[in-house]
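Enquirer: Structure: run.cif, mmCIF, C-alpha atoms (C1' of nucleotides).
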data_entry
loop_
_atom_site.group_PDB
_atom_site.id
_atom_site.type_symbol
_atom_site.label_atom_id
_atom_site.label_comp_id
_atom_site.auth_asym_id
_atom_site.auth_seq_id
_atom_site.Cartn_x
_atom_site.Cartn_y
_atom_site.Cartn_z
ATOM 1 C CA MET A 25 -21.021 -21.906 10.109
ATOM 2 C CA ARG A 26 -20.946 -18.186 10.770
ATOM 3 C CA ILE A 27 -18.183 -15.745 10.043
ATOM 4 C CA GLY A 28 -16.598 -15.796 13.478
ATOM 5 C CA GLN A 29 -16.227 -19.561 13.355
ATOM 6 C CA LEU A 30 -14.708 -19.497 9.909
ATOM 7 C CA ALA A 31 -12.321 -16.775 10.985
ATOM 8 C CA LYS A 32 -11.185 -18.793 13.968
ATOM 9 C CA ARG A 33 -10.769 -21.992 11.992
ATOM 10 C CA SER A 34 -8.979 -20.434 9.066
ATOM 11 C CA GLY A 35 -6.865 -18.032 11.048
ATOM 12 C CA VAL A 36 -7.827 -14.986 9.025
ATOM 13 C CA SER A 37 -9.713 -12.002 10.374
ATOM 14 C CA VAL A 38 -13.441 -11.421 10.082
ATOM 15 C CA ARG A 39 -12.655 -8.277 8.153
ATOM 16 C CA ALA A 40 -10.571 -10.232 5.689
ATOM 17 C CA LEU A 41 -13.410 -12.697 5.049
ATOM 18 C CA ARG A 42 -15.798 -9.873 4.303
ATOM 19 C CA TYR A 43 -13.167 -8.389 2.044
ATOM 20 C CA TYR A 44 -12.862 -11.680 0.169
ATOM 21 C CA GLU A 45 -16.582 -11.664 -0.441
ATOM 22 C CA GLU A 46 -16.431 -8.064 -1.611
ATOM 23 C CA GLN A 47 -13.787 -9.142 -4.117
ATOM 24 C CA ASN A 48 -15.862 -12.130 -5.242
ATOM 25 C CA LEU A 49 -13.359 -14.588 -3.906
ATOM 26 C CA LEU A 50 -15.698 -16.220 -1.433
ATOM 27 C CA GLU A 51 -19.444 -16.850 -1.376
ATOM 28 C CA SER A 52 -21.891 -17.145 1.454
ATOM 29 C CA THR A 53 -25.596 -17.619 1.900
ATOM 30 C CA ARG A 54 -27.437 -15.421 4.325
ATOM 31 C CA THR A 55 -29.682 -16.211 7.263
ATOM 32 C CA PRO A 56 -33.107 -14.576 7.309
ATOM 33 C CA GLY A 57 -31.553 -12.007 9.575
ATOM 34 C CA GLY A 58 -28.866 -11.170 7.032
ATOM 35 C CA GLN A 59 -25.907 -12.911 8.596
ATOM 36 C CA ARG A 60 -23.398 -14.834 6.515
ATOM 37 C CA ASP A 61 -23.578 -18.598 6.562
ATOM 38 C CA TYR A 62 -20.645 -20.588 5.199
ATOM 39 C CA SER A 63 -20.471 -24.173 4.025
ATOM 40 C CA ASP A 64 -17.621 -26.400 5.197
ATOM 41 C CA ASP A 65 -15.965 -26.074 1.802
ATOM 42 C CA ALA A 66 -15.333 -22.441 2.609
ATOM 43 C CA LEU A 67 -12.460 -23.409 4.872
ATOM 44 C CA ASP A 68 -10.495 -24.974 2.016
ATOM 45 C CA ARG A 69 -11.359 -22.066 -0.180
ATOM 46 C CA VAL A 70 -10.032 -19.568 2.315
ATOM 47 C CA GLN A 71 -6.805 -21.468 2.718
ATOM 48 C CA LEU A 72 -6.371 -21.621 -1.023
ATOM 49 C CA ILE A 73 -6.888 -17.874 -1.229
ATOM 50 C CA GLN A 74 -4.305 -17.366 1.477
ATOM 51 C CA ASP A 75 -1.818 -19.569 -0.358
ATOM 52 C CA LEU A 76 -2.248 -17.608 -3.543
ATOM 53 C CA PHE A 77 -1.976 -14.305 -1.721
ATOM 54 C CA ALA A 78 1.137 -15.589 -0.015
ATOM 55 C CA ALA A 79 2.480 -16.321 -3.470
ATOM 56 C CA GLY A 80 2.130 -12.664 -4.287
ATOM 57 C CA LEU A 81 -0.931 -12.908 -6.505
ATOM 58 C CA SER A 82 -3.375 -10.028 -6.346
ATOM 59 C CA SER A 83 -7.074 -10.502 -5.716
ATOM 60 C CA ARG A 84 -7.757 -9.552 -9.312
ATOM 61 C CA ILE A 85 -5.634 -12.442 -10.527
ATOM 62 C CA VAL A 86 -6.923 -14.827 -7.901
ATOM 63 C CA VAL A 87 -10.526 -14.166 -8.810
ATOM 64 C CA GLU A 88 -9.673 -15.033 -12.397
ATOM 65 C CA LEU A 89 -7.851 -18.212 -11.514
ATOM 66 C CA LEU A 90 -10.032 -19.596 -8.755
ATOM 67 C CA PRO A 91 -12.573 -21.155 -11.126
ATOM 68 C CA CYS A 92 -9.958 -23.313 -12.869
ATOM 69 C CA VAL A 93 -8.313 -24.240 -9.612
ATOM 70 C CA SER A 94 -11.644 -25.418 -8.242
ATOM 71 C CA THR A 95 -12.995 -27.103 -11.334
ATOM 72 C CA GLY A 96 -9.837 -28.301 -13.043
ATOM 73 C CA THR A 97 -10.946 -26.864 -16.348
ATOM 74 C CA ALA A 98 -9.939 -23.728 -18.184
ATOM 75 C CA THR A 99 -10.014 -21.855 -21.431
ATOM 76 C CA PRO A 100 -6.738 -21.409 -23.299
ATOM 77 C CA ASP A 101 -6.543 -17.859 -21.980
ATOM 78 C CA MET A 102 -6.938 -19.014 -18.428
ATOM 79 C CA LEU A 103 -4.299 -21.670 -18.913
ATOM 80 C CA GLY A 104 -1.979 -18.975 -20.196
ATOM 81 C CA GLN A 105 -2.663 -16.882 -17.121
ATOM 82 C CA LEU A 106 -2.007 -19.859 -14.906
ATOM 83 C CA THR A 107 1.346 -20.620 -16.448
ATOM 84 C CA THR A 108 2.273 -16.947 -16.426
ATOM 85 C CA GLU A 109 1.633 -16.744 -12.718
ATOM 86 C CA ARG A 110 3.331 -20.046 -12.098
ATOM 87 C CA ASP A 111 6.414 -18.739 -13.898
ATOM 88 C CA ARG A 112 6.253 -15.488 -11.979
ATOM 89 C CA ILE A 113 6.321 -17.448 -8.754
ATOM 90 C CA ALA A 114 9.258 -19.477 -9.996
ATOM 91 C CA GLU A 115 11.133 -16.267 -10.731
ATOM 92 C CA ARG A 116 10.329 -14.966 -7.308
ATOM 93 C CA ILE A 117 11.686 -18.103 -5.771
ATOM 94 C CA GLN A 118 14.902 -17.537 -7.685
ATOM 95 C CA ASP A 119 15.110 -13.964 -6.434
ATOM 96 C CA LEU A 120 14.557 -15.057 -2.880
ATOM 97 C CA SER A 121 17.139 -17.796 -3.186
ATOM 98 C CA ARG A 122 19.681 -15.277 -4.418
ATOM 99 C CA ALA A 123 18.942 -12.966 -1.526
ATOM 100 C CA LYS A 124 19.133 -15.840 0.914
ATOM 101 C CA SER A 125 22.483 -16.955 -0.467
ATOM 102 C CA LYS A 126 23.740 -13.448 -0.087
ATOM 103 C CA LEU A 127 22.634 -13.262 3.528
ATOM 104 C CA ASP A 128 24.012 -16.734 4.191
ATOM 105 C CA GLY A 129 27.348 -15.574 2.864
ATOM 106 C CA VAL A 130 27.311 -12.467 5.010
ATOM 107 C CA ILE A 131 26.434 -14.479 8.098
ATOM 108 C CA GLU A 132 29.209 -16.960 7.415
ATOM 109 C CA ASP A 133 31.750 -14.196 6.953
ATOM 110 C CA ILE A 134 30.739 -12.568 10.192
ATOM 111 C CA VAL A 135 30.893 -15.786 12.145
ATOM 112 C CA ALA A 136 34.209 -16.689 10.516
ATOM 113 C CA ALA A 137 35.578 -13.282 11.452
ATOM 114 C CA GLY A 138 34.963 -14.308 15.017
ATOM 115 C CA ILE A 139 32.810 -11.336 15.926
ATOM 116 C CA VAL A 140 30.405 -13.708 17.542
ATOM 117 C CA LYS A 141 30.490 -17.451 18.100
ATOM 118 C CA ALA A 142 26.901 -18.514 17.560
ATOM 119 C CA MET B 21 27.911 9.665 -12.490
ATOM 120 C CA ARG B 22 24.645 11.519 -12.138
ATOM 121 C CA ILE B 23 21.282 10.207 -11.103
ATOM 122 C CA GLY B 24 19.923 9.607 -14.581
ATOM 123 C CA GLN B 25 22.899 7.463 -15.492
ATOM 124 C CA LEU B 26 22.635 5.437 -12.312
ATOM 125 C CA ALA B 27 18.941 4.955 -12.913
ATOM 126 C CA LYS B 28 19.521 3.707 -16.420
ATOM 127 C CA ARG B 29 22.323 1.373 -15.418
ATOM 128 C CA SER B 30 20.576 -0.056 -12.385
ATOM 129 C CA GLY B 31 17.139 -0.231 -13.889
ATOM 130 C CA VAL B 32 15.427 1.603 -11.046
ATOM 131 C CA SER B 33 13.712 4.954 -11.368
ATOM 132 C CA VAL B 34 15.207 8.321 -10.528
ATOM 133 C CA ARG B 35 12.487 8.746 -7.952
ATOM 134 C CA ALA B 36 13.456 5.473 -6.312
ATOM 135 C CA LEU B 37 17.088 6.544 -6.043
ATOM 136 C CA ARG B 38 16.107 9.769 -4.330
ATOM 137 C CA TYR B 39 13.869 7.731 -2.058
ATOM 138 C CA TYR B 40 16.788 5.467 -1.145
ATOM 139 C CA GLU B 41 18.812 8.502 -0.154
ATOM 140 C CA GLU B 42 15.919 9.832 1.881
ATOM 141 C CA GLN B 43 15.856 6.500 3.728
ATOM 142 C CA ASN B 44 19.618 6.581 4.253
ATOM 143 C CA LEU B 45 20.158 3.576 2.057
ATOM 144 C CA LEU B 46 22.332 5.331 -0.477
ATOM 145 C CA GLU B 47 24.796 8.203 -0.291
ATOM 146 C CA SER B 48 25.845 10.771 -2.823
ATOM 147 C CA THR B 49 28.115 13.763 -2.982
ATOM 148 C CA ARG B 50 26.835 16.937 -4.559
ATOM 149 C CA THR B 51 28.146 19.100 -7.350
ATOM 150 C CA PRO B 52 28.598 22.813 -6.625
ATOM 151 C CA GLY B 53 25.229 23.250 -8.269
ATOM 152 C CA GLY B 54 23.582 20.808 -5.891
ATOM 153 C CA GLN B 55 23.185 17.813 -8.167
ATOM 154 C CA ARG B 56 23.832 14.301 -6.930
ATOM 155 C CA ASP B 57 27.063 12.626 -7.946
ATOM 156 C CA TYR B 58 27.435 8.894 -7.452
ATOM 157 C CA SER B 59 30.546 6.754 -7.266
ATOM 158 C CA ASP B 60 30.731 3.557 -9.281
ATOM 159 C CA ASP B 61 30.166 1.538 -6.128
ATOM 160 C CA ALA B 62 26.666 2.928 -6.025
ATOM 161 C CA LEU B 63 25.601 0.546 -8.753
ATOM 162 C CA ASP B 64 26.375 -2.504 -6.636
ATOM 163 C CA ARG B 65 24.758 -0.859 -3.681
ATOM 164 C CA VAL B 66 21.548 -0.228 -5.563
ATOM 165 C CA GLN B 67 21.402 -3.781 -6.801
ATOM 166 C CA LEU B 68 21.919 -5.065 -3.292
ATOM 167 C CA ILE B 69 19.102 -2.873 -2.062
ATOM 168 C CA GLN B 70 16.873 -4.190 -4.818
ATOM 169 C CA ASP B 71 17.728 -7.761 -3.924
ATOM 170 C CA LEU B 72 16.845 -7.197 -0.304
ATOM 171 C CA PHE B 73 13.632 -5.403 -1.227
ATOM 172 C CA ALA B 74 12.794 -8.249 -3.562
ATOM 173 C CA ALA B 75 13.300 -10.545 -0.611
ATOM 174 C CA GLY B 76 10.547 -8.697 1.184
ATOM 175 C CA LEU B 77 12.707 -6.718 3.595
ATOM 176 C CA SER B 78 11.540 -3.227 4.465
ATOM 177 C CA SER B 79 13.765 -0.188 4.153
ATOM 178 C CA ARG B 80 13.913 0.028 7.929
ATOM 179 C CA ILE B 81 15.424 -3.449 8.105
ATOM 180 C CA VAL B 82 17.664 -2.894 5.112
ATOM 181 C CA VAL B 83 19.123 0.270 6.563
ATOM 182 C CA GLU B 84 20.005 -1.690 9.691
ATOM 183 C CA LEU B 85 21.587 -4.558 7.819
ATOM 184 C CA LEU B 86 23.432 -2.741 5.068
ATOM 185 C CA PRO B 87 26.448 -1.878 7.248
ATOM 186 C CA CYS B 88 27.173 -5.530 8.076
ATOM 187 C CA VAL B 89 26.591 -6.612 4.512
ATOM 188 C CA SER B 90 29.083 -4.030 3.292
ATOM 189 C CA THR B 91 31.700 -4.418 6.021
ATOM 190 C CA GLY B 92 31.315 -8.050 6.993
ATOM 191 C CA THR B 93 31.213 -7.205 10.658
ATOM 192 C CA ALA B 94 28.342 -6.994 13.098
ATOM 193 C CA THR B 95 27.295 -6.792 16.697
ATOM 194 C CA PRO B 96 25.528 -9.802 18.200
ATOM 195 C CA ASP B 97 22.219 -7.979 17.801
ATOM 196 C CA MET B 98 22.844 -7.375 14.138
ATOM 197 C CA LEU B 99 23.792 -10.984 13.620
ATOM 198 C CA GLY B 100 20.513 -11.964 15.236
ATOM 199 C CA GLN B 101 18.635 -9.673 12.899
ATOM 200 C CA LEU B 102 20.451 -11.122 9.947
ATOM 201 C CA THR B 103 19.596 -14.691 10.807
ATOM 202 C CA THR B 104 16.019 -13.736 11.600
ATOM 203 C CA GLU B 105 15.602 -12.217 8.166
ATOM 204 C CA ARG B 106 17.420 -15.077 6.522
ATOM 205 C CA ASP B 107 15.000 -17.501 8.165
ATOM 206 C CA ARG B 108 12.042 -15.372 7.163
ATOM 207 C CA ILE B 109 13.191 -15.567 3.564
ATOM 208 C CA ALA B 110 13.584 -19.322 3.843
ATOM 209 C CA GLU B 111 10.005 -19.564 5.074
ATOM 210 C CA ARG B 112 8.815 -17.455 2.235
ATOM 211 C CA ILE B 113 10.566 -19.700 -0.208
ATOM 212 C CA GLN B 114 8.705 -22.628 1.315
ATOM 213 C CA ASP B 115 5.382 -20.815 0.962
ATOM 214 C CA LEU B 116 6.084 -19.987 -2.638
ATOM 215 C CA SER B 117 7.134 -23.528 -3.400
ATOM 216 C CA ARG B 118 3.868 -24.811 -1.977
ATOM 217 C CA ALA B 119 1.877 -22.361 -4.069
ATOM 218 C CA LYS B 120 3.878 -23.272 -7.148
ATOM 219 C CA SER B 121 3.289 -26.976 -6.601
ATOM 220 C CA LYS B 122 -0.391 -26.286 -6.307
ATOM 221 C CA LEU B 123 -0.461 -24.357 -9.561
ATOM 222 C CA ASP B 124 1.682 -26.984 -11.250
ATOM 223 C CA GLY B 125 -0.846 -29.574 -10.210
ATOM 224 C CA VAL B 126 -3.738 -27.536 -11.502
ATOM 225 C CA ILE B 127 -1.998 -26.969 -14.810
ATOM 226 C CA GLU B 128 -1.223 -30.654 -15.168
ATOM 227 C CA ASP B 129 -4.827 -31.592 -14.457
ATOM 228 C CA ILE B 130 -6.092 -29.163 -17.037
ATOM 229 C CA VAL B 131 -3.690 -30.340 -19.691
ATOM 230 C CA ALA B 132 -4.432 -33.974 -18.835
ATOM 231 C CA ALA B 133 -8.140 -33.252 -19.134
ATOM 232 C CA GLY B 134 -7.396 -32.331 -22.712
ATOM 233 C CA ILE B 135 -8.956 -28.902 -22.537
ATOM 234 C CA VAL B 136 -5.953 -27.553 -24.324
ATOM 235 C CA LYS B 137 -2.899 -29.201 -25.799
ATOM 236 C CA ALA B 138 -0.091 -26.774 -25.059
ATOM 237 C "C1'" DC C 23 24.039 33.095 -25.349
ATOM 238 C "C1'" DT C 24 20.144 30.341 -25.531
ATOM 239 C "C1'" DA C 25 17.279 26.498 -25.659
ATOM 240 C "C1'" DA C 26 16.597 22.060 -24.115
ATOM 241 C "C1'" DA C 27 17.749 18.378 -21.237
ATOM 242 C "C1'" DA C 28 18.488 16.858 -16.829
ATOM 243 C "C1'" DC C 29 18.263 17.952 -12.312
ATOM 244 C "C1'" DC C 30 16.432 19.953 -7.802
ATOM 245 C "C1'" DT C 31 12.904 20.199 -3.666
ATOM 246 C "C1'" DG C 32 8.452 19.805 -1.840
ATOM 247 C "C1'" DA C 33 4.202 17.672 -1.520
ATOM 248 C "C1'" DC C 34 0.168 15.209 -2.742
ATOM 249 C "C1'" DG C 35 -1.545 10.693 -5.171
ATOM 250 C "C1'" DT C 36 -1.608 5.543 -5.604
ATOM 251 C "C1'" DC C 37 -2.613 0.711 -4.682
ATOM 252 C "C1'" DA C 38 -3.688 -3.570 -1.973
ATOM 253 C "C1'" DA C 39 -5.332 -5.871 1.822
ATOM 254 C "C1'" DC C 40 -7.019 -5.145 5.194
ATOM 255 C "C1'" DG C 41 -7.591 -2.276 10.444
ATOM 256 C "C1'" DT C 42 -10.625 0.362 12.953
ATOM 257 C "C1'" DG C 43 -14.307 2.789 14.692
ATOM 258 C "C1'" DA C 44 -19.469 4.349 14.393
ATOM 259 C "C1'" DG C 45 -23.982 3.252 14.760
ATOM 260 C "C1'" DG C 46 -27.384 -0.191 14.363
ATOM 261 C "C1'" DT C 47 -29.439 -5.370 14.200
ATOM 262 C "C1'" DG C 48 -29.822 -10.705 15.032
ATOM 263 C "C1'" DC C 49 -29.973 -14.320 18.216
ATOM 264 C "C1'" DA C 50 -29.419 -17.547 22.116
ATOM 265 C "C1'" DA C 51 -29.569 -17.550 27.336
ATOM 266 C "C1'" DG C 52 -31.639 -16.739 31.591
ATOM 267 C "C1'" DC D 3 -37.809 -9.309 28.123
ATOM 268 C "C1'" DT D 4 -33.428 -7.846 28.300
ATOM 269 C "C1'" DT D 5 -28.708 -8.504 28.470
ATOM 270 C "C1'" DG D 6 -24.931 -9.129 25.713
ATOM 271 C "C1'" DC D 7 -22.162 -11.045 22.280
ATOM 272 C "C1'" DA D 8 -21.786 -11.795 17.436
ATOM 273 C "C1'" DC D 9 -22.942 -9.810 13.411
ATOM 274 C "C1'" DC D 10 -24.238 -6.136 9.895
ATOM 275 C "C1'" DT D 11 -23.030 -1.991 6.674
ATOM 276 C "C1'" DC D 12 -20.747 2.178 5.650
ATOM 277 C "C1'" DA D 13 -16.690 4.617 5.416
ATOM 278 C "C1'" DC D 14 -12.329 6.590 6.638
ATOM 279 C "C1'" DG D 15 -7.322 5.283 8.175
ATOM 280 C "C1'" DT D 16 -2.856 2.704 7.444
ATOM 281 C "C1'" DT D 17 1.606 1.263 5.353
ATOM 282 C "C1'" DG D 18 5.545 1.040 1.893
ATOM 283 C "C1'" DA D 19 7.755 2.195 -2.112
ATOM 284 C "C1'" DC D 20 7.482 4.779 -4.939
ATOM 285 C "C1'" DG D 21 4.526 7.899 -9.222
ATOM 286 C "C1'" DT D 22 3.570 12.324 -10.550
ATOM 287 C "C1'" DC D 23 2.854 17.165 -10.933
ATOM 288 C "C1'" DA D 24 4.420 22.010 -9.891
ATOM 289 C "C1'" DG D 25 7.681 25.435 -10.047
ATOM 290 C "C1'" DG D 26 12.362 26.547 -10.175
ATOM 291 C "C1'" DT D 27 17.767 25.717 -11.127
ATOM 292 C "C1'" DT D 28 21.919 23.634 -13.360
ATOM 293 C "C1'" DT D 29 24.298 21.633 -17.196
ATOM 294 C "C1'" DT D 30 25.226 20.842 -21.769
ATOM 295 C "C1'" DA D 31 24.837 21.174 -26.909
ATOM 296 C "C1'" DG D 32 25.170 24.207 -30.591
#
Turn this file's structure into structure tokens for me.
Expert:
Amino acid sequence: MRIGQLAKRSGVSVRALRYYEEQNLLESTRTPGGQRDYSDDALDRVQLIQDLFAAGLSSRIVVELLPCVSTGTATPDMLGQLTTERDRIAERIQDLSRAKSKLDGVIEDIVAAGIVKA
Amino acid sequence: MRIGQLAKRSGVSVRALRYYEEQNLLESTRTPGGQRDYSDDALDRVQLIQDLFAAGLSSRIVVELLPCVSTGTATPDMLGQLTTERDRIAERIQDLSRAKSKLDGVIEDIVAAGIVKA
DNA sequence: CTAAAACCTGACGTCAACGTGAGGTGCAAG
DNA sequence: CTTGCACCTCACGTTGACGTCAGGTTTTAG
């Protein structure tokens, strides 16, 4: 499929897909005319990239980890990286949970104070 | 206390503290010589700001929400904002949990494959 | 009193993940 | 063949939360 199709299916912009390729996160073959041609696997790949980005990983990290995620194999170093990032995400979840609790508390207090009844 | 002390105690940089003041997130009185002087409450304030930043809120949002968080009162609009941001954080937690599960799975697979034994 | 911290105000630099034109090319339809 | 949309490659712009350097002032230790 071509880039517009992939963009539509994956929900990311055309610009973003080109950026992924620039960062070696995503491959494509080219038509004789020079246009990108993606395999169906690309869709999964893009969604994986989005998930990792959403988890706060940078493209530098993602490009290092993508091979193991795809192949299920890794060097000891890569495994270390993986666990490091996994732990970082876990920490982030803790941070977010703390912030959420705080906001929950504030919301409860406000509602309890009867400022608003919804 | 002065800005260096607050920075050391809160763990954020002097530059960041000045930035918070610039964004109306943090107040300070001034010495006759023009140097910032912080009350002890400032420490809690800074940590709250950090928590909200860590939760992905922008300074614009934080400056709107800080009053209700401090006072426990709010207009209906502010309460709406609060719940909106609370829900956004909840979503983010979900995203992170998904990413973490994915990485956990990858790590398990790698370890199971016997590439490494730690 | 003097030197060295610590502080002050601008104001420009940074970094990531794209957005947004500019100017030109590929390709399927009629 | 030509219209027109999708695509191409530069290459500069954007945003947020600061980092950092310059040039000057205040505070504190001795």
Enquirer: Determine, using all atoms listed in the file, which residues of chain B have any atom at most 8 Å from an atom of chain C, and tabulate each with its shortest atom pair and distance in Å to one decimal place, rows ordered by chain and then rising number, as a tab-separated table.
Expert:
residue	atom	partner	partner_atom	distance
B:Gly24	CA	C:DA28	C1'	7.7
B:Gly54	CA	C:DC30	C1'	7.5
B:Gln55	CA	C:DC29	C1'	6.4
Enquirer: Which residues of chain D come within 8 Å of chain B, and what is each one's closest atom pair and distance in Å (one decimal), counting all atoms listed in the file, sorted by chain and residue number, as a tab-separated table?
Expert:
residue	atom	partner	partner_atom	distance
D:DG18	C1'	B:Ser78	CA	7.8
D:DA19	C1'	B:Ala36	CA	7.8
D:DC20	C1'	B:Ala36	CA	6.2
D:DT28	C1'	B:Gly53	CA	6.1
Enquirer: Keeping only C-alpha atoms (C1' of nucleotides), write the selected residues to a file as a PDB file, in the frame of the given file.
Expert:
ATOM      1  C1'  DG D  18       5.545   1.040   1.893  1.00  0.00           C
ATOM      2  C1'  DA D  19       7.755   2.195  -2.112  1.00  0.00           C
ATOM      3  C1'  DC D  20       7.482   4.779  -4.939  1.00  0.00           C
ATOM      4  C1'  DT D  28      21.919  23.634 -13.360  1.00  0.00           C
TER       5       DT D  28
END
Enquirer: If chain B is fitted onto chain A by least squares over all C-alpha atoms, taken pair by pair in sequence order, what do its new coordinates look like as a short mmCIF file (atom, residue, chain, number, x, y, z; two decimals) with C-alpha atoms, in the coordinates of the input?
Expert:
data_model
loop_
_atom_site.label_atom_id
_atom_site.label_comp_id
_atom_site.auth_asym_id
_atom_site.auth_seq_id
_atom_site.Cartn_x
_atom_site.Cartn_y
_atom_site.Cartn_z
CA MET B 21 -20.61 -21.90 10.32
CA ARG B 22 -20.55 -18.18 10.91
CA ILE B 23 -17.85 -15.70 10.10
CA GLY B 24 -16.19 -15.70 13.50
CA GLN B 25 -15.78 -19.45 13.42
CA LEU B 26 -14.34 -19.40 9.92
CA ALA B 27 -11.96 -16.66 10.94
CA LYS B 28 -10.74 -18.61 13.92
CA ARG B 29 -10.33 -21.83 11.98
CA SER B 30 -8.62 -20.28 8.99
CA GLY B 31 -6.51 -17.83 10.91
CA VAL B 32 -7.55 -14.81 8.87
CA SER B 33 -9.47 -11.85 10.23
CA VAL B 34 -13.21 -11.31 10.00
CA ARG B 35 -12.51 -8.17 8.04
CA ALA B 36 -10.44 -10.13 5.54
CA LEU B 37 -13.25 -12.63 5.00
CA ARG B 38 -15.71 -9.85 4.27
CA TYR B 39 -13.13 -8.36 1.93
CA TYR B 40 -12.83 -11.67 0.08
CA GLU B 41 -16.57 -11.70 -0.45
CA GLU B 42 -16.48 -8.12 -1.65
CA GLN B 43 -13.86 -9.18 -4.21
CA ASN B 44 -15.93 -12.19 -5.25
CA LEU B 45 -13.37 -14.62 -3.94
CA LEU B 46 -15.64 -16.25 -1.41
CA GLU B 47 -19.37 -16.93 -1.28
CA SER B 48 -21.75 -17.23 1.61
CA THR B 49 -25.44 -17.77 2.14
CA ARG B 50 -27.27 -15.58 4.60
CA THR B 51 -29.41 -16.36 7.60
CA PRO B 52 -32.88 -14.80 7.72
CA GLY B 53 -31.31 -12.16 9.90
CA GLY B 54 -28.70 -11.33 7.28
CA GLN B 55 -25.66 -12.98 8.81
CA ARG B 56 -23.18 -14.88 6.69
CA ASP B 57 -23.28 -18.65 6.79
CA TYR B 58 -20.37 -20.61 5.37
CA SER B 59 -20.18 -24.21 4.22
CA ASP B 60 -17.30 -26.38 5.36
CA ASP B 61 -15.71 -26.07 1.94
CA ALA B 62 -15.11 -22.43 2.69
CA LEU B 63 -12.18 -23.34 4.90
CA ASP B 64 -10.27 -24.91 2.03
CA ARG B 65 -11.22 -22.03 -0.18
CA VAL B 66 -9.86 -19.49 2.26
CA GLN B 67 -6.61 -21.35 2.62
CA LEU B 68 -6.25 -21.52 -1.13
CA ILE B 69 -6.82 -17.80 -1.37
CA GLN B 70 -4.20 -17.23 1.30
CA ASP B 71 -1.73 -19.42 -0.54
CA LEU B 72 -2.23 -17.50 -3.75
CA PHE B 73 -1.98 -14.17 -1.96
CA ALA B 74 1.17 -15.39 -0.27
CA ALA B 75 2.47 -16.17 -3.72
CA GLY B 76 2.09 -12.52 -4.60
CA LEU B 77 -1.02 -12.81 -6.76
CA SER B 78 -3.49 -9.96 -6.59
CA SER B 79 -7.17 -10.47 -5.90
CA ARG B 80 -7.92 -9.56 -9.49
CA ILE B 81 -5.77 -12.44 -10.71
CA VAL B 82 -7.00 -14.81 -8.04
CA VAL B 83 -10.63 -14.19 -8.90
CA GLU B 84 -9.83 -15.08 -12.50
CA LEU B 85 -7.96 -18.24 -11.62
CA LEU B 86 -10.09 -19.62 -8.82
CA PRO B 87 -12.66 -21.22 -11.16
CA CYS B 88 -10.04 -23.36 -12.93
CA VAL B 89 -8.36 -24.27 -9.68
CA SER B 90 -11.67 -25.45 -8.27
CA THR B 91 -13.04 -27.17 -11.37
CA GLY B 92 -9.89 -28.32 -13.11
CA THR B 93 -11.03 -26.92 -16.41
CA ALA B 94 -10.05 -23.79 -18.27
CA THR B 95 -10.16 -21.92 -21.52
CA PRO B 96 -6.90 -21.47 -23.42
CA ASP B 97 -6.69 -17.91 -22.11
CA MET B 98 -7.04 -19.07 -18.54
CA LEU B 99 -4.40 -21.71 -19.05
CA GLY B 100 -2.10 -19.00 -20.34
CA GLN B 101 -2.77 -16.91 -17.28
CA LEU B 102 -2.09 -19.86 -15.06
CA THR B 103 1.26 -20.61 -16.61
CA THR B 104 2.19 -16.94 -16.61
CA GLU B 105 1.56 -16.72 -12.89
CA ARG B 106 3.27 -20.02 -12.26
CA ASP B 107 6.35 -18.72 -14.06
CA ARG B 108 6.20 -15.46 -12.15
CA ILE B 109 6.24 -17.42 -8.91
CA ALA B 110 9.19 -19.46 -10.13
CA GLU B 111 11.07 -16.24 -10.84
CA ARG B 112 10.27 -14.94 -7.43
CA ILE B 113 11.59 -18.09 -5.88
CA GLN B 114 14.83 -17.53 -7.77
CA ASP B 115 15.04 -13.95 -6.50
CA LEU B 116 14.45 -15.04 -2.95
CA SER B 117 17.02 -17.80 -3.22
CA ARG B 118 19.59 -15.29 -4.41
CA ALA B 119 18.81 -12.97 -1.52
CA LYS B 120 18.96 -15.85 0.92
CA SER B 121 22.33 -16.97 -0.40
CA LYS B 122 23.60 -13.46 0.03
CA LEU B 123 22.43 -13.30 3.62
CA ASP B 124 23.77 -16.78 4.30
CA GLY B 125 27.13 -15.61 3.06
CA VAL B 126 27.06 -12.52 5.22
CA ILE B 127 26.12 -14.54 8.27
CA GLU B 128 28.89 -17.03 7.62
CA ASP B 129 31.44 -14.25 7.25
CA ILE B 130 30.37 -12.68 10.49
CA VAL B 131 30.48 -15.92 12.40
CA ALA B 132 33.83 -16.80 10.82
CA ALA B 133 35.16 -13.40 11.84
CA GLY B 134 34.47 -14.48 15.38
CA ILE B 135 32.34 -11.50 16.26
CA VAL B 136 29.89 -13.84 17.85
CA LYS B 137 29.91 -17.57 18.42
CA ALA B 138 26.31 -18.61 17.87
#
Enquirer: Here's the selection I'm unsure about, the PyMOL selection byres ((chain B and resi 99) around 9); applied to the file above, which residues does it give, as JSON, numbers by chain?
Expert: {"A": [131, 134, 135, 140], "B": [85, 88, 93, 94, 95, 96, 97, 98, 100, 101, 102, 103, 104]}
Enquirer: Find the residues with any atom within 12 Å of (30.1, 6.9, -7.5); use only C-alpha atoms (C1' of nucleotides) and the coordinates as given in the file, and write the answer as a VMD selection string.
Expert: chain B and resid 21 to 23 25 to 26 46 to 50 56 to 66
Enquirer: Using all atoms listed in the file, find the one residue out of B:Ala27, B:Asp71, B:Glu128, B:Val83 that sits nearest to chain A.
Expert: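 The answer is B:Asp71, which sits nearest to chain A.
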Enquirer: Which residue gives the smallest distance to chain B among A:Leu127, A:Ala136, A:Leu49, A:Ile85, with all atoms listed in the file counted?
Expert: A:Leu127
Enquirer: What residues come out when you apply the PyMOL selection byres ((chain A) within 6 of (chain B)) to this file, written as number ranges by chain?
Expert: A: 75, 79, 93, 96-97, 110, 117, 120, 123-124, 130, 134
